[in-house]
Structure formats: structure tokens, C-alpha cells
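Everything below concerns the one structure shown next.
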Amino acid sequence: MISKTNSYLKILNVSFIIFAIFILTSLKINASSQELHSVSDSLNLSNEAAIQGHHGQPSNDGPIDITKIAFEHILDSHSWHLWGEGHDAVSLPLPVILKGKTGIIFFMSSEFHHDTHGKVVVEKNGERFINFEEKIYYAEAIPNENGQFIAITKNNAEISVNNNAPLDFSITKNITQMFLSVILLVMLFTSIAKAYKTTGVSSAPKGKQSFFEPLIIFVRDDIAKGNIGHGSDKFVPYLLTVFFMILVNNVFGLIPIGANLTGNIAFTLVLSVATLIITNINGNKNYWSHIFLPHAPKAIWPILIPIEIVGILTKPFALMIRLFANITAGHIIVISLVGLIFVFKTIYIAPVSVAFALFIDVLECLVAFLQAYIFTMLTALFIGSAVAGHSEESGHVENEKISAKH
Amino acid sequence: MNLFILSSLIEPAVGLIFWTTITFILLLVLLGKFAWKPILNAIKTREKSIEDALASAESALRDMRELRTNNEKILAEARNERDAIIKEAREAKDAIVNEAKSKAQKESDRIISSAREQIVNEKNAAITELKNQVAILSLEIAEKILRSELSSNDKQKALVNDLMKDVKLN
């Protein structure tokens with residue numbers, strides 16, 4: 001039954017990505033057909049922004065780059081943008097923490113005045129910083145012709161920034177949401193734990209307890225015990241934490257002003273590295289002998305052993321990409337569908353857009369649960385294959401199971 | 001679409017990795033200690049208590065079933081015993097009745113036979129009595145006749161002769 005779900009999922013993933021690419025390319029053609037020869041969208045947009053800034057009111061003319069807007073929603077940012085554009089934007093300032101040449105530098109993101117084009121320079125401890133596309137760089141001494149304190153080399157459509165960058169440990173939008181989700185999770189589950197203490201174990205669960213207990217038991221019995229088998233209890237806390245962390249942030253990401261934390265590759269990277277470490281720390285003799293002493297003729301060992309070693313990394317790598325790509329693709333589709341209204345500049349496309357966006361949103365609610373489940377289940381599966389019993393049969397079965405899931 | 005933005009999509013940011021690692025480890029420790037441990041323990045305890053309750057119910061059921069079979073056995077035994085007692089009693093009754101009957105028969109036989117004996121005796125006595133009476137009467141008659149007959153010598157002689165001719169001793 002799991003492999004069946006997985007194949008459906010694969011189809012879903014692939015169709016998601018194809019759909020997203022299709023929409024993005026079509027929008028792109030539409031949006032920038034007039035400026036095919038322009039140097040870059042980013043620079044163009046900054047010009048417009050500069051003009052708009054002078055006039056006060058943003059003009060409704062000119063093409064809208066939905067791709068850029070979509071990526072602004074998907075990517076991390078130094079302030080929590082709520083609504084509005086340009087100087088009228090309302091956003092929550094977040095702390096910027098930089099490891100500069102002179103040490104740790106701290107200031108609020110509001111000091112950039114909503115600028116993401118490298119035009120506003122913030123000077124601290126004798127170091128000058130700019131925000132260019134939500135990345136912090138050291139500012140150039142003099143601005144370029146667009147008023148940007150940045151040195152850019154253009155190579156066809158490719159832009160590379162020559163400025164040096166400080167190490168950025170800012171509490172960004174994603175990190176803020178992560179903190180919020182941690183506070184929520186800790187408060188929620190400690191209160192549930194307290195409920196068990198006060199009502200005792202003999203009475204039936206109530207309220208929050210009755211909602212989360214089946215999920216906890218599902219993770220414990222179906223995910224942990226089902227994939228790890230004997231000795232799964234040790235890994236249940238980790239699996240539960242991963243499951244609820246991903247689930248909560250997936251759901252937060254669906255809220256329009258929420259941050260796209262689970263669709264950020266840094267977040268999924270940390271989680272999959274955690275899985276990698278736990279899997280290999282708990283790998284038993286059987287697991288390692290499978291990698292370094294494969295049951296195959298010695299002649300093909302030089303081929304097999306490197307493949308097995310790479311296999312250690314590809315499993316968590318697939319975890320990282322799977323979660324990141326699924327969540328990001330879903331968000332891109334929703335934003336693109338809504339963006340259609342602004343690209344075509346007609347209200348008549350709105351019903352179609354809203355209907356499709358609603359459909360995708362509902363699907364995303366399912367995906368939020370599904371991806372949390374998939375990540376946890378595969379983590380359990382990898383751990384299970386590392387701690388599998390010493391019998392030759394079970395090892396093979398586990399491996400077959402893994403290849404079936406992929 | 002410029003590759004610059006795209007690159008930031010697939011380039012993990014150092015700051016985010018740093019904070020995520022710290023936060024995730026913190027979350028793991030906090031939840032592990034204050035949430036998962038008590039919750040999982042409580043769930044395990046409850047499951048165990050449910051299991052125990054089920055097992056005890058099962059054993060109670062088994063006990064009851066045993067009790068019932070025991071009861072039935074006892075009941076059957078009692079019934080058998082009752083039947084045996086009744087049968088015995090009936091036999092005893094029959095025996096008593098038969099004995100009484102035979103005794104009564106014997107008694108009646110004895111009474112009848114004794115009555116018969118008595119009757120015979122009485123009859124014999126009566127016959128004897130009658131004989132005696134007849135003898136007495138006969139003597140008296142004879143005396144009277146003798147007196148009348150023997151009033152003259154002739155007559156006496158004729159009578160004696162006559163009598164002697166008629167009367168025969170039985």
C-alpha cells in the first residue's frame with residue numbers, strides 16, 4: 001500500500017514541477033516580451049522602483065514580473081513583509097546579525113527602509129552594508145548609474161555580484177517563523193503532557209490530547225515500529241519532533257503571510273543531515289558490512305563500494321530535495337495562478353485563477369501532511385535499514401523496500 | 001528570470017543552517033524531555049492497563065465458565081444422587097410392602113388354619129356333647145319305658161324281649 005501511495009506521489013511531484021515550470025515560462029514570455037533586450041529584470045525593476053519612489057504613487061502600467069514576486073514569497077527575507085509595496089509597505093522589522101570584519105554587528109532590518117536593491121547603505125562600526133535581493137553585502141564606495149552601491153557583472157542573463165558579503169546570522173523571516181513554531185510546539189505538547197499527568201492514564205483523552213494522540217500513536221506504531229521494528233522506541237522522540245516540526249511549518253507556509261520555511265533548502269538540509277547522522281551513528285555491523293563487504297564477487301567491489309558509499313549520502317539528499325521541491329512547487333503554483341489576474345490585467349480571469357488556486361491550496365493541505373509523513377517515514381526506513389537484524393534475508397528485504405520506495 | 005535569484009533558491013544560507021541547527025536540537029531536547037517522554041510513557045501505561053484489564057476480564061470469563069461447568073457437574077451429581085435415593089426408596093417400599101403382604105398372607109393363613117382347627121375341635125366337642133346328651137336321653141327314655149313296661153312281670157318280660165330284638169347298638 002505505501003509503495004502505491006509513493007508512486008502517486010511521484011506523479012504528483014512531477015506534474016507539480018512541470019506545471020510550475022510551464023506557468024513560469026509562459027508568464028515570463030508574457031511579462032517581458034517588451035523588454036527582450038533589456039539587461040536584466042532586476043535592474044529594470046529597480047529603475048521602475050526608483051521612478052515610483054519619486055512620484056509617490058506606484059503606476060499601474062508596465063509589465064509585472066510575477067516570477068520575481070513569486071520568488072520574493074518563496075525566498076527568505078530580512079523583514080516580515082505584511083502588505084503594501086515600496087515605501088508604503090508594512091513589514092515587521094527583524095534583527096540583522098552580521099559577523100563583519102570588526103566583530104558582531106547588530107541592527108534592525110527597518111534601517112534598510114524596505115530597500116532590496118542595494119540603494120540604502122547602513123553604516124555600523126565603520127562598516128557599510130547594503131541589502132541586494134535580500135542578501136547583505138558590503139557597500140561599494142560610490143553608487144552606480146542606478147544609485148546602487150553594488151558592483152555587478154552581467155553575462156547575458158546571468159548576474160554576478162562582485163561585492164564581498166559578511167557572514168549573515170540574521171533572524172530572518174524563516175527563522176522567526178521557526179522560533180514561533182518551536183514555541184507553539186513546546187507549549188502545545190507540554191500542555192498535552194500535563195493533561196496526561198492531571199487526568200491520569202485511566203481516562204480517555206480529551207481536547208487537544210484526543211487530536212494529537214492518534215498522530216503520536218501513528219508515528220510510534222506505523223512509522224517507527226513499522227519500519228524500524230525491534231528497538232524502535234529509542235527513535236520515536238526524534239521522529240515525532242521531525243514530523244510535527246515539518247507539519248506545523250508546512251501549515252504555517254500555507255497561510256498567505258507565513259514564511260516558506262519547509263520550502264527552504266537550508267531547513268531541509270539540516271533535517272536531512274540530522275537523519276544522516278542518526279542513521280550512521282546507529283548503523284550496526286550488518287549495515288557497514290553491506291557497504292564495505294558487499295555480497296558480490298570481489299571483482300566488482302571497486303565499483304560497488306563507491307556506489308554504496310555514495311548511497312549513504314544520496315538517501316538524505318533525496319529527503320532534502322523532496323521536501324524542499326514539493327513545498328516550493330506548491331507555493332509557486334498558487335502564486336502564479338493568482339498572478340495570472342495581474343498579468344492579463346483583467347478581472348475575468350479571476351474566477352479561473354481563484355478556482356485553480358483553491359484547488360491547489362486544498363491539495364497543499366494534503367501535501368503538508370503527506371510530506372511530513374513521507375519525510376518521517378523515510379527517516380524511519382533509513383534508520384530501520386541501519387539497525388536491521390543480522391540475518392542475511394532481512395537485510396535484503398530492507399534494501400528492496402528502500403528501492404521500492406524510491 | 002535571472003539566475004541570481006534562482007541561485008539563492010537552491011543555495012542554503014549559512015545563517016538559516018546555523019539557527020535551524022540550534023533550534024532543532026533545542027526543540028528535540030525540550031520536547032524529548034518535557035513532552036514525548038511523559039506522553040509516550042502515559043500512552044504506554046494506559047495501553048498496558050487496558051491490556052491488563054482485558055486479560056483479567058478474559059481470566060474472569062474463564063473462571064466463570066469453569067464455575068458454571070463445575071456447577072453443572074455438581075447439579076448433575078445431585079440429580080443422580082436424588083435419582084438413586086428415589087430408586088432406593090422405591091425398592092425399599094416395594095420390599096416392605098411385599099414383606100408386609102407375605103406376612104399378612106401368612107398371618108391370615110395361620111388364622112384361617114387355626115379357625116379351621118378350632119371349628120373341627122368345636123364340632124367334635126359338639127358331637128361328643130350330642131352323643132352324651134343322646135346317651136343321657138336314651139337312658140332316661142329307657143328308664144321311663146322300663147318303668148312303664150316293668151310294672152308287671154309279664155310285660156317286663158315281653159318288653160325286654162321285644163327291645164332286645166329291635167334295639168341294636170350302634
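Residues are named by chain letter and number: chains run A, B, ... in the order of the C-alpha cells, numbers start at 1 in each chain, and ligands are numbered from 1 in the order shown.
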
Output the contact residues of chain A with respect to chain B at a cut-off of 8 Å, based on only C-alpha atoms, as JSON, numbers by chain. {"A": [28, 40, 41, 42, 67, 68, 71, 75, 133, 157, 158, 159, 160, 167, 168, 169, 170, 172, 174, 175, 178, 179, 182, 186, 189, 190, 192, 193, 196, 197, 200, 201, 202, 237, 238, 240, 241, 264, 265, 266, 267, 269, 270]}

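Reported to one decimal place, the separation of atom CA of Trp80 of chain A from atom CA of Leu92 of chain A is 4.7 Å.
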
Could the residues of segment 28-146 of chain B that have an atom at most 10 Å from segment 150-155 of chain B be listed as JSON lines, each with its closest atom pair and the distance in Å to one decimal, counting only C-alpha atoms and ordered by chain and ascending residue number?
{"residue": "B:Glu143", "atom": "CA", "partner": "B:Leu150", "partner_atom": "CA", "distance": 9.9}
{"residue": "B:Lys144", "atom": "CA", "partner": "B:Leu150", "partner_atom": "CA", "distance": 9.5}
{"residue": "B:Ile145", "atom": "CA", "partner": "B:Leu150", "partner_atom": "CA", "distance": 7.9}
{"residue": "B:Leu146", "atom": "CA", "partner": "B:Leu150", "partner_atom": "CA", "distance": 5.4}

Hey, could you make a per-residue contact list for segment 264-340 of chain A against segment 355-379 of chain A with 8 Å as the cut-off, showing the nearest pair of atoms and its distance in Å to one decimal, counting only C-alpha atoms, sorted by chain and number, as CSV?
residue,atom,partner,partner_atom,distance
A:Thr275,CA,A:Thr379,CA,6.1
A:Leu319,CA,A:Phe375,CA,6.4
A:Leu323,CA,A:Gln371,CA,6.3
A:Asn326,CA,A:Gln371,CA,7.8
A:Ile327,CA,A:Ala368,CA,7.8
A:Gly330,CA,A:Glu364,CA,6.5
A:Ile333,CA,A:Ile360,CA,7.6
A:Val334,CA,A:Ala357,CA,5.2
A:Leu337,CA,A:Ala357,CA,5.9
A:Val338,CA,A:Ala357,CA,6.8

Would you save the residues from that selection as a compact mmCIF listing (two decimals), in the first residue's frame, using C-alpha atoms?
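Output file result02.txt is given in full below:
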# COMPACT_ATOMS: atom_id res chain seq x y z
CA THR A 275 18.75 11.90 9.68
CA LEU A 319 14.95 13.68 1.56
CA LEU A 323 10.53 18.25 0.91
CA ASN A 326 7.31 19.78 -3.06
CA ILE A 327 6.57 22.71 -0.81
CA GLY A 330 3.08 24.18 -4.43
CA ILE A 333 1.75 27.32 -8.43
CA VAL A 334 -0.58 29.19 -6.08
CA LEU A 337 -2.30 31.27 -10.55
CA VAL A 338 -3.15 34.37 -8.57

Report, in Å with one decimal, the straight-line distance from atom CA of Ala165 of chain A to atom CA of Glu72 of chain A.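 Atom CA of Glu72 of chain A lies at a distance of 20.2 Å from atom CA of Ala165 of chain A.
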
Can you list, as a list in words, every protein, DNA or RNA residue that comes within 6 Å of Tyr137 of chain A when you count only C-alpha atoms, leaving out same-chain residues fewer than 3 positions away?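 Near Tyr137 of chain A, the qualifying residues are Phe129, Ile130, Asn164 and Ala165 of chain A.
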
Could you tell me, as a PyMOL selection string, which residues of segment 78-321 of chain A DSSP assigns to helix (DSSP H, G or I) when given the backbone? chain A and resi 86-88+109-112+173-199+208-228+232-254+265-281+285-292+298-321
